[in-house]
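What follows is a short report on a single structure.
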Amino acid sequence: MSVGSERDKTLEAICYRRGSLQLLDQRKLPLETLYLDIHDTNDAWDAIKEMVVRGAPAIAIAAALSLAVEVSNLASFDGTSHDASVFLSKKLDFLVSSRPTAVNLSDSAVKLKEVISKAAAIANEANSVFQAYIEAAEVMLEDDVTSNKAIGSYGASFIKNYLTDSKNITILTHCNTGSLATAGYGTALGVIRALYADGALERAYCTETRPFNQGSRLTAFELVHENIPATLIADSAAAALMNAGRVKAVIVGADRVAANGDTANKIGTYNLAVSAMHHGIPFYVAAPLTSVDLSLSSGQEIVIEERSPKELLHTRGGLGEQVAASGISVWNPAFDVTPAKFISGIITEKGVITKNGTDTFDIAGFVRKTAGNL
């Protein structure tokens, strides 16, 4: 994985053209803008694992495109169309192992394998299978931006209709869910962006999101870049901010949503949901339907990734100097699960999923009802 040139496209996390992929090294933000060249799936696996790229949608797209670049640049491939199918499928399985909690990555792999299988069934040569894969990965890149803009539109409209004062809305968000976490525009931050464009947003508040500081490093960076009125707070200040009456709604993203609406998201999300319910503040999840895992009946089945102790023991999410006592044990889960009963609505690209008199969501019913509609 070699270093690319610096550039002005600070909010373009994924720079792709056929045969070439560069990822913005988000570990360096906001002080340095540096792109890394991704030549193959090995480079992508390392970039995902080491948080060069993060955010469930962005991870899935970066992984898919890395394999597209690898096969685009193959000098030769001595095999049949079936061999090409096996080759691609094994590469996708390898990429999925980089981060287990974000369902978008495994979901995209399943969909791409379907494309591969269909292409292999009718292709006479390996190259036809590779081309089908490349085109499918490129469509995923385009579809993500369209999906995010729809999430922003649905979310902004829903929140304005729900709140009595639709012109002075204050939103609290957690982690980073904007252009840097997706192919563009963002999910939860996309809703904030849409509210601001509509003239309805008074101020956005973002948490620092320890220990990797995605809020202070990335979300604050995006909000300043977009000239959106925003204030950074310590993670531990969220409840006090709510108690002061300065938050009208909380919006977060998601890495995996179970069929009942239980949601895995960046560690600290559960804290915010509990505080929001205590203060009578609506709590929304904004995520594409690719973040939903209908195979899981509840959040108890979600596998939670644990990160290196170094992220807590050292500054800058493990990249800086040691600040904690040597010898102390560390528990560092990357995510927590917020039960559906704390969630007011799930904002998707097909509309907002709400409850029907219960503590949980019927997401499968929503998916069936909206199938084929955007």
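Ordering of the structure tokens sets the chain letters (A, B, ...), residue numbers begin anew at 1 in every chain, and ligands are numbered from 1 in the order given.
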6 Å contact set for Ala188 of chain A, only C-alpha atoms, chain neighbours under 3 positions out, as a list in words: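 Neighbouring residues, sequence-local ones excluded: Thr177, Val191, Ile251, Val252, Gly253 and Ala286 of chain A.
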Produce a file of the selected residues containing N, CA, C and O atoms, as a short mmCIF file (atom, residue, chain, number, x, y, z; two decimals), in the first residue's frame.
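Resulting contents of part.cif:
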```cif
data_model
loop_
_atom_site.label_atom_id
_atom_site.label_comp_id
_atom_site.auth_asym_id
_atom_site.auth_seq_id
_atom_site.Cartn_x
_atom_site.Cartn_y
_atom_site.Cartn_z
N THR A 177 -20.69 9.96 10.47
CA THR A 177 -21.63 9.30 9.56
C THR A 177 -21.83 10.13 8.30
O THR A 177 -22.88 10.09 7.68
N VAL A 191 -28.70 13.61 7.15
CA VAL A 191 -29.94 14.20 7.64
C VAL A 191 -29.68 15.60 8.17
O VAL A 191 -30.44 16.54 7.90
N ILE A 251 -29.48 11.81 16.41
CA ILE A 251 -29.43 10.98 15.21
C ILE A 251 -28.06 10.32 15.14
O ILE A 251 -27.03 11.00 15.22
N VAL A 252 -28.05 9.01 14.99
CA VAL A 252 -26.81 8.25 14.88
C VAL A 252 -26.88 7.34 13.65
O VAL A 252 -27.94 7.16 13.07
N GLY A 253 -25.77 6.77 13.29
CA GLY A 253 -25.72 5.80 12.21
C GLY A 253 -25.86 4.39 12.76
O GLY A 253 -26.31 4.18 13.88
N ALA A 286 -30.12 6.41 11.49
CA ALA A 286 -30.15 6.65 10.04
C ALA A 286 -29.18 5.68 9.38
O ALA A 286 -27.98 5.72 9.64
#
```
Which of segment 145-372 of chain A end up as strand (DSSP E) when DSSP is run on this backbone - answer as a compact mmCIF listing (two decimals) with all heavy atoms, in the first residue's frame?
```txt
# COMPACT_ATOMS: atom_id res chain seq x y z
N ILE A 169 -34.09 23.69 14.97
CA ILE A 169 -33.80 22.33 15.39
C ILE A 169 -32.34 22.18 15.80
O ILE A 169 -31.44 22.63 15.09
CB ILE A 169 -34.15 21.34 14.26
CG1 ILE A 169 -35.65 21.41 13.95
CG2 ILE A 169 -33.74 19.92 14.63
CD1 ILE A 169 -36.06 20.60 12.74
N THR A 170 -32.13 21.55 16.93
CA THR A 170 -30.77 21.23 17.38
C THR A 170 -30.63 19.71 17.44
O THR A 170 -31.48 19.02 18.00
CB THR A 170 -30.49 21.84 18.77
OG1 THR A 170 -31.54 21.48 19.67
CG2 THR A 170 -30.40 23.36 18.67
N ILE A 171 -29.56 19.22 16.85
CA ILE A 171 -29.35 17.78 16.72
C ILE A 171 -28.03 17.39 17.38
O ILE A 171 -27.01 18.05 17.19
CB ILE A 171 -29.29 17.36 15.24
CG1 ILE A 171 -30.60 17.72 14.51
CG2 ILE A 171 -28.99 15.86 15.11
CD1 ILE A 171 -31.79 16.90 14.90
N LEU A 172 -28.05 16.29 18.12
CA LEU A 172 -26.83 15.70 18.66
C LEU A 172 -26.53 14.43 17.87
O LEU A 172 -27.41 13.61 17.63
CB LEU A 172 -27.02 15.35 20.14
CG LEU A 172 -25.87 14.56 20.81
CD1 LEU A 172 -24.58 15.37 20.82
CD2 LEU A 172 -26.26 14.16 22.23
N THR A 173 -25.29 14.28 17.44
CA THR A 173 -24.88 13.08 16.72
C THR A 173 -23.61 12.50 17.33
O THR A 173 -22.91 13.18 18.10
CB THR A 173 -24.71 13.36 15.21
OG1 THR A 173 -24.58 12.12 14.51
CG2 THR A 173 -23.48 14.22 14.94
N LEU A 201 -32.12 23.86 10.58
CA LEU A 201 -31.14 23.50 11.62
C LEU A 201 -30.59 24.74 12.29
O LEU A 201 -30.04 25.62 11.64
CB LEU A 201 -30.00 22.69 11.00
CG LEU A 201 -28.94 22.20 12.00
CD1 LEU A 201 -29.49 21.01 12.79
CD2 LEU A 201 -27.66 21.80 11.28
N GLU A 202 -30.72 24.78 13.61
CA GLU A 202 -30.09 25.86 14.37
C GLU A 202 -28.64 25.52 14.70
O GLU A 202 -27.74 26.33 14.54
CB GLU A 202 -30.86 26.11 15.67
CG GLU A 202 -30.25 27.20 16.55
CD GLU A 202 -31.03 27.41 17.82
OE1 GLU A 202 -32.26 27.63 17.73
OE2 GLU A 202 -30.42 27.38 18.91
N ARG A 203 -28.42 24.26 15.14
CA ARG A 203 -27.06 23.85 15.51
C ARG A 203 -26.97 22.33 15.59
O ARG A 203 -27.91 21.66 15.99
CB ARG A 203 -26.66 24.46 16.86
CG ARG A 203 -25.23 24.11 17.33
CD ARG A 203 -24.77 25.08 18.39
NE ARG A 203 -24.64 26.42 17.82
CZ ARG A 203 -23.55 26.88 17.22
NH1 ARG A 203 -22.48 26.11 17.10
NH2 ARG A 203 -23.53 28.11 16.75
N ALA A 204 -25.81 21.83 15.19
CA ALA A 204 -25.50 20.41 15.37
C ALA A 204 -24.46 20.28 16.47
O ALA A 204 -23.51 21.07 16.55
CB ALA A 204 -24.96 19.81 14.08
N TYR A 205 -24.64 19.31 17.33
CA TYR A 205 -23.66 18.98 18.37
C TYR A 205 -23.07 17.62 18.03
O TYR A 205 -23.79 16.68 17.68
CB TYR A 205 -24.31 18.91 19.74
CG TYR A 205 -24.82 20.24 20.26
CD1 TYR A 205 -26.14 20.64 20.04
CD2 TYR A 205 -23.98 21.11 20.95
CE1 TYR A 205 -26.61 21.86 20.50
CE2 TYR A 205 -24.43 22.34 21.42
CZ TYR A 205 -25.75 22.71 21.19
OH TYR A 205 -26.20 23.93 21.64
N CYS A 206 -21.76 17.51 18.13
CA CYS A 206 -21.12 16.22 17.88
C CYS A 206 -20.26 15.84 19.08
O CYS A 206 -19.59 16.68 19.68
CB CYS A 206 -20.29 16.24 16.60
SG CYS A 206 -18.94 17.44 16.54
N THR A 207 -20.31 14.56 19.44
CA THR A 207 -19.48 14.05 20.52
C THR A 207 -18.06 13.81 20.01
O THR A 207 -17.85 13.58 18.82
CB THR A 207 -20.03 12.72 21.05
OG1 THR A 207 -20.01 11.76 19.98
CG2 THR A 207 -21.46 12.88 21.57
N ALA A 230 -22.03 24.35 14.41
CA ALA A 230 -21.78 23.11 15.13
C ALA A 230 -20.94 23.36 16.37
O ALA A 230 -20.13 24.29 16.42
CB ALA A 230 -21.07 22.11 14.22
N THR A 231 -21.12 22.47 17.34
CA THR A 231 -20.39 22.54 18.60
C THR A 231 -19.93 21.13 18.98
O THR A 231 -20.72 20.18 18.94
CB THR A 231 -21.26 23.10 19.73
OG1 THR A 231 -21.68 24.43 19.39
CG2 THR A 231 -20.51 23.14 21.05
N LEU A 232 -18.67 21.01 19.34
CA LEU A 232 -18.09 19.75 19.79
C LEU A 232 -18.24 19.64 21.31
O LEU A 232 -18.00 20.61 22.03
CB LEU A 232 -16.61 19.69 19.40
CG LEU A 232 -15.78 18.51 19.90
CD1 LEU A 232 -16.25 17.21 19.26
CD2 LEU A 232 -14.30 18.75 19.63
N ILE A 233 -18.64 18.45 21.79
CA ILE A 233 -18.74 18.23 23.23
C ILE A 233 -17.98 16.97 23.61
O ILE A 233 -17.77 16.08 22.78
CB ILE A 233 -20.20 18.11 23.70
CG1 ILE A 233 -20.86 16.85 23.13
CG2 ILE A 233 -21.01 19.36 23.34
CD1 ILE A 233 -22.20 16.49 23.79
N ALA A 249 -33.27 16.49 19.14
CA ALA A 249 -33.27 15.11 18.64
C ALA A 249 -31.84 14.59 18.57
O ALA A 249 -30.89 15.37 18.44
CB ALA A 249 -33.93 15.03 17.27
N VAL A 250 -31.71 13.28 18.68
CA VAL A 250 -30.41 12.60 18.51
C VAL A 250 -30.50 11.74 17.25
O VAL A 250 -31.49 11.03 17.05
CB VAL A 250 -30.08 11.72 19.73
CG1 VAL A 250 -28.72 11.04 19.53
CG2 VAL A 250 -30.09 12.54 21.02
N ILE A 251 -29.48 11.81 16.41
CA ILE A 251 -29.43 10.98 15.21
C ILE A 251 -28.06 10.32 15.14
O ILE A 251 -27.03 11.00 15.22
CB ILE A 251 -29.64 11.80 13.92
CG1 ILE A 251 -30.88 12.69 14.02
CG2 ILE A 251 -29.76 10.87 12.72
CD1 ILE A 251 -31.06 13.58 12.80
N VAL A 252 -28.05 9.01 14.99
CA VAL A 252 -26.81 8.25 14.88
C VAL A 252 -26.88 7.34 13.65
O VAL A 252 -27.94 7.16 13.07
CB VAL A 252 -26.55 7.41 16.14
CG1 VAL A 252 -26.46 8.29 17.38
CG2 VAL A 252 -27.65 6.35 16.32
N ARG A 256 -24.89 -2.39 12.18
CA ARG A 256 -25.74 -3.57 11.94
C ARG A 256 -27.04 -3.39 12.70
O ARG A 256 -27.04 -3.05 13.89
CB ARG A 256 -25.03 -4.86 12.36
CG ARG A 256 -25.76 -6.14 11.94
CD ARG A 256 -24.98 -7.38 12.38
NE ARG A 256 -23.72 -7.54 11.68
CZ ARG A 256 -23.45 -8.50 10.80
NH1 ARG A 256 -24.39 -9.37 10.47
NH2 ARG A 256 -22.26 -8.59 10.24
N VAL A 257 -28.15 -3.63 12.02
CA VAL A 257 -29.48 -3.52 12.63
C VAL A 257 -30.15 -4.89 12.54
O VAL A 257 -30.27 -5.46 11.46
CB VAL A 257 -30.35 -2.47 11.92
CG1 VAL A 257 -31.71 -2.36 12.60
CG2 VAL A 257 -29.65 -1.11 11.90
N ALA A 258 -30.57 -5.42 13.69
CA ALA A 258 -31.26 -6.71 13.71
C ALA A 258 -32.70 -6.54 13.24
O ALA A 258 -33.22 -5.43 13.12
CB ALA A 258 -31.22 -7.30 15.12
N THR A 263 -29.89 -2.12 17.45
CA THR A 263 -28.89 -1.52 16.56
C THR A 263 -27.49 -1.50 17.17
O THR A 263 -27.29 -0.97 18.27
CB THR A 263 -29.30 -0.08 16.20
OG1 THR A 263 -30.54 -0.11 15.48
CG2 THR A 263 -28.24 0.61 15.36
N ALA A 264 -26.55 -2.07 16.45
CA ALA A 264 -25.14 -1.98 16.83
C ALA A 264 -24.55 -0.74 16.17
O ALA A 264 -24.68 -0.55 14.96
CB ALA A 264 -24.38 -3.23 16.39
N ASN A 265 -23.93 0.08 16.97
CA ASN A 265 -23.27 1.29 16.46
C ASN A 265 -22.07 1.59 17.36
O ASN A 265 -21.81 0.88 18.33
CB ASN A 265 -24.26 2.46 16.43
CG ASN A 265 -23.71 3.65 15.65
OD1 ASN A 265 -23.26 3.49 14.52
ND2 ASN A 265 -23.73 4.83 16.24
N LYS A 266 -21.36 2.63 17.02
CA LYS A 266 -20.13 2.97 17.74
C LYS A 266 -20.37 3.00 19.25
O LYS A 266 -21.39 3.48 19.73
CB LYS A 266 -19.62 4.33 17.27
CG LYS A 266 -18.29 4.76 17.86
CD LYS A 266 -17.20 3.72 17.68
CE LYS A 266 -16.99 3.34 16.23
NZ LYS A 266 -16.02 2.20 16.10
N PHE A 283 -34.87 9.66 19.54
CA PHE A 283 -33.58 9.08 19.19
C PHE A 283 -33.74 8.30 17.89
O PHE A 283 -34.50 7.33 17.84
CB PHE A 283 -33.11 8.16 20.32
CG PHE A 283 -31.76 7.53 20.09
CD1 PHE A 283 -30.62 8.10 20.61
CD2 PHE A 283 -31.64 6.35 19.36
CE1 PHE A 283 -29.37 7.50 20.41
CE2 PHE A 283 -30.41 5.76 19.16
CZ PHE A 283 -29.28 6.35 19.68
N TYR A 284 -33.04 8.74 16.85
CA TYR A 284 -33.20 8.13 15.53
C TYR A 284 -31.92 7.46 15.06
O TYR A 284 -30.81 7.94 15.33
CB TYR A 284 -33.60 9.19 14.49
CG TYR A 284 -34.89 9.88 14.79
CD1 TYR A 284 -34.91 11.18 15.32
CD2 TYR A 284 -36.12 9.25 14.57
CE1 TYR A 284 -36.10 11.83 15.62
CE2 TYR A 284 -37.31 9.88 14.85
CZ TYR A 284 -37.30 11.17 15.38
OH TYR A 284 -38.48 11.80 15.67
N VAL A 285 -32.09 6.37 14.34
CA VAL A 285 -31.00 5.70 13.63
C VAL A 285 -31.17 5.98 12.14
O VAL A 285 -32.28 5.83 11.60
CB VAL A 285 -31.02 4.18 13.89
CG1 VAL A 285 -30.04 3.45 12.97
CG2 VAL A 285 -30.71 3.88 15.35
N ALA A 286 -30.12 6.41 11.49
CA ALA A 286 -30.15 6.65 10.04
C ALA A 286 -29.18 5.68 9.38
O ALA A 286 -27.98 5.72 9.64
CB ALA A 286 -29.76 8.09 9.72
N VAL A 292 -29.21 -3.53 7.52
CA VAL A 292 -30.15 -4.39 8.23
C VAL A 292 -29.79 -5.85 7.98
O VAL A 292 -29.56 -6.26 6.84
CB VAL A 292 -31.60 -4.12 7.77
CG1 VAL A 292 -32.56 -5.11 8.41
CG2 VAL A 292 -32.00 -2.69 8.11
N ASP A 293 -29.75 -6.62 9.05
CA ASP A 293 -29.48 -8.06 8.96
C ASP A 293 -30.71 -8.80 9.44
O ASP A 293 -30.89 -9.05 10.64
CB ASP A 293 -28.26 -8.42 9.80
CG ASP A 293 -27.80 -9.84 9.58
OD1 ASP A 293 -28.56 -10.64 9.00
OD2 ASP A 293 -26.67 -10.18 10.01
N PHE A 335 -18.15 -1.36 19.47
CA PHE A 335 -19.57 -1.06 19.30
C PHE A 335 -20.35 -1.46 20.54
O PHE A 335 -19.87 -2.23 21.37
CB PHE A 335 -20.14 -1.84 18.10
CG PHE A 335 -19.35 -1.65 16.83
CD1 PHE A 335 -18.38 -2.57 16.45
CD2 PHE A 335 -19.57 -0.56 16.01
CE1 PHE A 335 -17.65 -2.40 15.28
CE2 PHE A 335 -18.84 -0.38 14.84
CZ PHE A 335 -17.88 -1.30 14.49
N ASP A 336 -21.55 -0.92 20.67
CA ASP A 336 -22.51 -1.43 21.63
C ASP A 336 -23.84 -1.61 20.90
O ASP A 336 -24.00 -1.20 19.75
CB ASP A 336 -22.67 -0.53 22.86
CG ASP A 336 -23.00 0.92 22.53
OD1 ASP A 336 -23.66 1.17 21.49
OD2 ASP A 336 -22.62 1.82 23.31
N VAL A 337 -24.78 -2.26 21.55
CA VAL A 337 -26.09 -2.51 20.95
C VAL A 337 -27.16 -1.73 21.71
O VAL A 337 -27.31 -1.89 22.92
CB VAL A 337 -26.43 -4.02 20.95
CG1 VAL A 337 -27.84 -4.24 20.41
CG2 VAL A 337 -25.41 -4.79 20.11
N THR A 338 -27.89 -0.90 20.98
CA THR A 338 -28.99 -0.15 21.55
C THR A 338 -30.29 -0.92 21.30
O THR A 338 -30.65 -1.16 20.15
CB THR A 338 -29.10 1.24 20.91
OG1 THR A 338 -27.90 1.98 21.19
CG2 THR A 338 -30.30 2.02 21.46
N GLY A 345 -37.22 5.90 15.66
CA GLY A 345 -37.44 5.59 14.26
C GLY A 345 -36.14 5.25 13.58
O GLY A 345 -35.06 5.67 14.02
N ILE A 346 -36.23 4.47 12.51
CA ILE A 346 -35.06 4.10 11.72
C ILE A 346 -35.22 4.72 10.34
O ILE A 346 -36.14 4.37 9.59
CB ILE A 346 -34.90 2.57 11.62
CG1 ILE A 346 -34.76 1.97 13.04
CG2 ILE A 346 -33.69 2.21 10.78
CD1 ILE A 346 -34.76 0.44 13.07
N ILE A 347 -34.35 5.65 10.01
CA ILE A 347 -34.43 6.41 8.76
C ILE A 347 -33.65 5.67 7.68
O ILE A 347 -32.45 5.46 7.80
CB ILE A 347 -33.88 7.83 8.94
CG1 ILE A 347 -34.58 8.54 10.10
CG2 ILE A 347 -34.04 8.64 7.65
CD1 ILE A 347 -33.86 9.80 10.58
N THR A 348 -34.35 5.28 6.61
CA THR A 348 -33.71 4.54 5.51
C THR A 348 -33.93 5.27 4.20
O THR A 348 -34.63 6.27 4.13
CB THR A 348 -34.29 3.12 5.39
OG1 THR A 348 -35.56 3.18 4.72
CG2 THR A 348 -34.45 2.45 6.74
N GLY A 351 -37.68 5.30 3.32
CA GLY A 351 -38.61 5.94 4.23
C GLY A 351 -38.20 5.69 5.67
O GLY A 351 -37.15 5.11 5.94
N VAL A 352 -39.04 6.13 6.61
CA VAL A 352 -38.73 6.01 8.04
C VAL A 352 -39.55 4.85 8.62
O VAL A 352 -40.78 4.82 8.51
CB VAL A 352 -39.05 7.31 8.79
CG1 VAL A 352 -38.71 7.16 10.28
CG2 VAL A 352 -38.27 8.48 8.19
N ILE A 353 -38.85 3.92 9.24
CA ILE A 353 -39.51 2.78 9.89
C ILE A 353 -39.91 3.20 11.30
O ILE A 353 -39.06 3.65 12.08
CB ILE A 353 -38.59 1.55 9.94
CG1 ILE A 353 -37.98 1.26 8.56
CG2 ILE A 353 -39.36 0.33 10.45
CD1 ILE A 353 -36.94 0.16 8.58
```
Students should find that atom CA of Ser166 of chain A and atom CA of Ala200 of chain A are spaced 6.0 Å
Please identify all polymer residues within 12 Å of Glu114 of chain A, counting only C-alpha atoms, omitting same-chain residues fewer than 4 positions from it, and present them as a ChimeraX atom specification. /A:85,88-89,92,107-110,118-121,129,132-133,136
Please produce an output containing N, CA, C and O atoms for each residue in the selection, written as a short mmCIF file (atom, residue, chain, number, x, y, z; two decimals), in the first residue's frame.
```
data_model
loop_
_atom_site.label_atom_id
_atom_site.label_comp_id
_atom_site.auth_asym_id
_atom_site.auth_seq_id
_atom_site.Cartn_x
_atom_site.Cartn_y
_atom_site.Cartn_z
N SER A 85 -14.75 -17.34 -10.96
CA SER A 85 -15.78 -17.22 -9.93
C SER A 85 -15.24 -17.63 -8.57
O SER A 85 -15.47 -16.94 -7.56
N LEU A 88 -12.72 -14.92 -7.26
CA LEU A 88 -13.39 -13.71 -6.74
C LEU A 88 -14.09 -13.99 -5.41
O LEU A 88 -14.02 -13.18 -4.48
N SER A 89 -14.74 -15.11 -5.30
CA SER A 89 -15.47 -15.45 -4.08
C SER A 89 -14.54 -15.58 -2.89
O SER A 89 -14.84 -15.12 -1.78
N LEU A 92 -13.48 -12.17 -1.76
CA LEU A 92 -14.55 -11.49 -1.01
C LEU A 92 -14.63 -12.01 0.42
O LEU A 92 -14.81 -11.24 1.36
N ASP A 107 -22.98 -8.06 3.42
CA ASP A 107 -24.13 -7.95 2.52
C ASP A 107 -23.68 -7.69 1.08
O ASP A 107 -24.19 -8.31 0.13
N SER A 108 -22.71 -6.80 0.92
CA SER A 108 -22.22 -6.51 -0.43
C SER A 108 -21.52 -7.73 -1.02
O SER A 108 -21.62 -8.00 -2.22
N ALA A 109 -20.81 -8.49 -0.18
CA ALA A 109 -20.13 -9.69 -0.65
C ALA A 109 -21.14 -10.72 -1.17
O ALA A 109 -20.93 -11.35 -2.22
N VAL A 110 -22.24 -10.89 -0.45
CA VAL A 110 -23.28 -11.83 -0.88
C VAL A 110 -23.87 -11.40 -2.23
O VAL A 110 -24.04 -12.22 -3.14
N LYS A 118 -23.90 -15.76 -11.60
CA LYS A 118 -24.70 -15.64 -12.82
C LYS A 118 -23.80 -15.43 -14.04
O LYS A 118 -24.05 -16.00 -15.11
N ALA A 119 -22.77 -14.62 -13.88
CA ALA A 119 -21.85 -14.36 -14.99
C ALA A 119 -21.10 -15.62 -15.38
O ALA A 119 -20.92 -15.93 -16.57
N ALA A 120 -20.66 -16.38 -14.36
CA ALA A 120 -19.89 -17.60 -14.63
C ALA A 120 -20.73 -18.65 -15.35
O ALA A 120 -20.22 -19.46 -16.13
N ALA A 121 -22.05 -18.63 -15.08
CA ALA A 121 -22.94 -19.64 -15.67
C ALA A 121 -23.10 -19.47 -17.18
O ALA A 121 -23.40 -20.44 -17.88
N VAL A 129 -16.37 -12.79 -16.58
CA VAL A 129 -16.77 -12.81 -15.17
C VAL A 129 -16.15 -11.62 -14.44
O VAL A 129 -16.81 -10.95 -13.64
N ALA A 132 -18.01 -8.42 -15.34
CA ALA A 132 -19.31 -8.36 -14.66
C ALA A 132 -19.14 -7.92 -13.22
O ALA A 132 -19.91 -7.11 -12.69
N TYR A 133 -18.08 -8.45 -12.58
CA TYR A 133 -17.81 -8.06 -11.19
C TYR A 133 -17.45 -6.58 -11.10
O TYR A 133 -17.97 -5.84 -10.24
N ALA A 136 -20.47 -4.35 -11.45
CA ALA A 136 -21.35 -4.43 -10.28
C ALA A 136 -20.79 -3.63 -9.11
O ALA A 136 -21.54 -2.95 -8.39
#
```
For the contact check between segment 213-332 of chain A and segment 97-101 of chain A, emit one row per residue of segment 213-332 of chain A within 7 Å, containing the shortest atom pair and the distance in Å rounded to one decimal, counting only C-alpha atoms, chain then rising number order, as a tab-separated table.
```
residue	atom	partner	partner_atom	distance
A:Asp255	CA	A:Thr101	CA	6.6
A:Arg256	CA	A:Thr101	CA	6.7
A:Val303	CA	A:Thr101	CA	5.9
A:Ile304	CA	A:Thr101	CA	5.8
A:Glu305	CA	A:Thr101	CA	6.1
```
Please measure the separation of atom CA of Pro333 of chain A and atom CA of Thr354 of chain A, giving the value in Å to one decimal.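 Between atom CA of Pro333 of chain A and atom CA of Thr354 of chain A the gap is 28.6 Å.
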Near-Pro211 of chain A list (8 Å; only C-alpha atoms; drop same-chain fewer than 3 positions) as JSON, numbers by chain: {"A": [311, 312, 316, 317]}
Write out, as a PDB file, in the first residue's frame, the residues just selected, with N, CA, C and O atoms.
```pdb
ATOM      1  N   GLU A 311      -5.560   1.525  21.887  1.00  0.00           N
ATOM      2  CA  GLU A 311      -6.403   2.675  21.577  1.00  0.00           C
ATOM      3  C   GLU A 311      -6.799   3.444  22.835  1.00  0.00           C
ATOM      4  O   GLU A 311      -7.061   4.647  22.770  1.00  0.00           O
ATOM      5  N   LEU A 312      -6.853   2.756  23.969  1.00  0.00           N
ATOM      6  CA  LEU A 312      -7.164   3.416  25.238  1.00  0.00           C
ATOM      7  C   LEU A 312      -5.916   3.822  26.011  1.00  0.00           C
ATOM      8  O   LEU A 312      -5.923   4.802  26.751  1.00  0.00           O
ATOM      9  N   ARG A 316      -4.557   9.771  20.814  1.00  0.00           N
ATOM     10  CA  ARG A 316      -4.891   9.686  19.393  1.00  0.00           C
ATOM     11  C   ARG A 316      -5.338   8.281  18.989  1.00  0.00           C
ATOM     12  O   ARG A 316      -4.955   7.749  17.962  1.00  0.00           O
ATOM     13  N   GLY A 317      -6.175   7.681  19.858  1.00  0.00           N
ATOM     14  CA  GLY A 317      -6.715   6.376  19.522  1.00  0.00           C
ATOM     15  C   GLY A 317      -5.669   5.301  19.344  1.00  0.00           C
ATOM     16  O   GLY A 317      -5.841   4.380  18.540  1.00  0.00           O
TER      17      GLY A 317
END
```
Can you pull out the residues contacting Leu21 of chain A? Cut-off 7 Å, using only C-alpha atoms, and skip same-chain residues under 2 positions away; I want them as a list in words.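 Surrounding residues, per the criterion: Cys15, Tyr16, Arg17, Leu23, Asp37, Ile38, Ser66 and Val69 of chain A.
Across A:Ile192, A:Ala63, A:Ala287, A:Ala156, the tightest approach to Leu223 of chain A is made by A:Ile192 when counting only C-alpha atoms.
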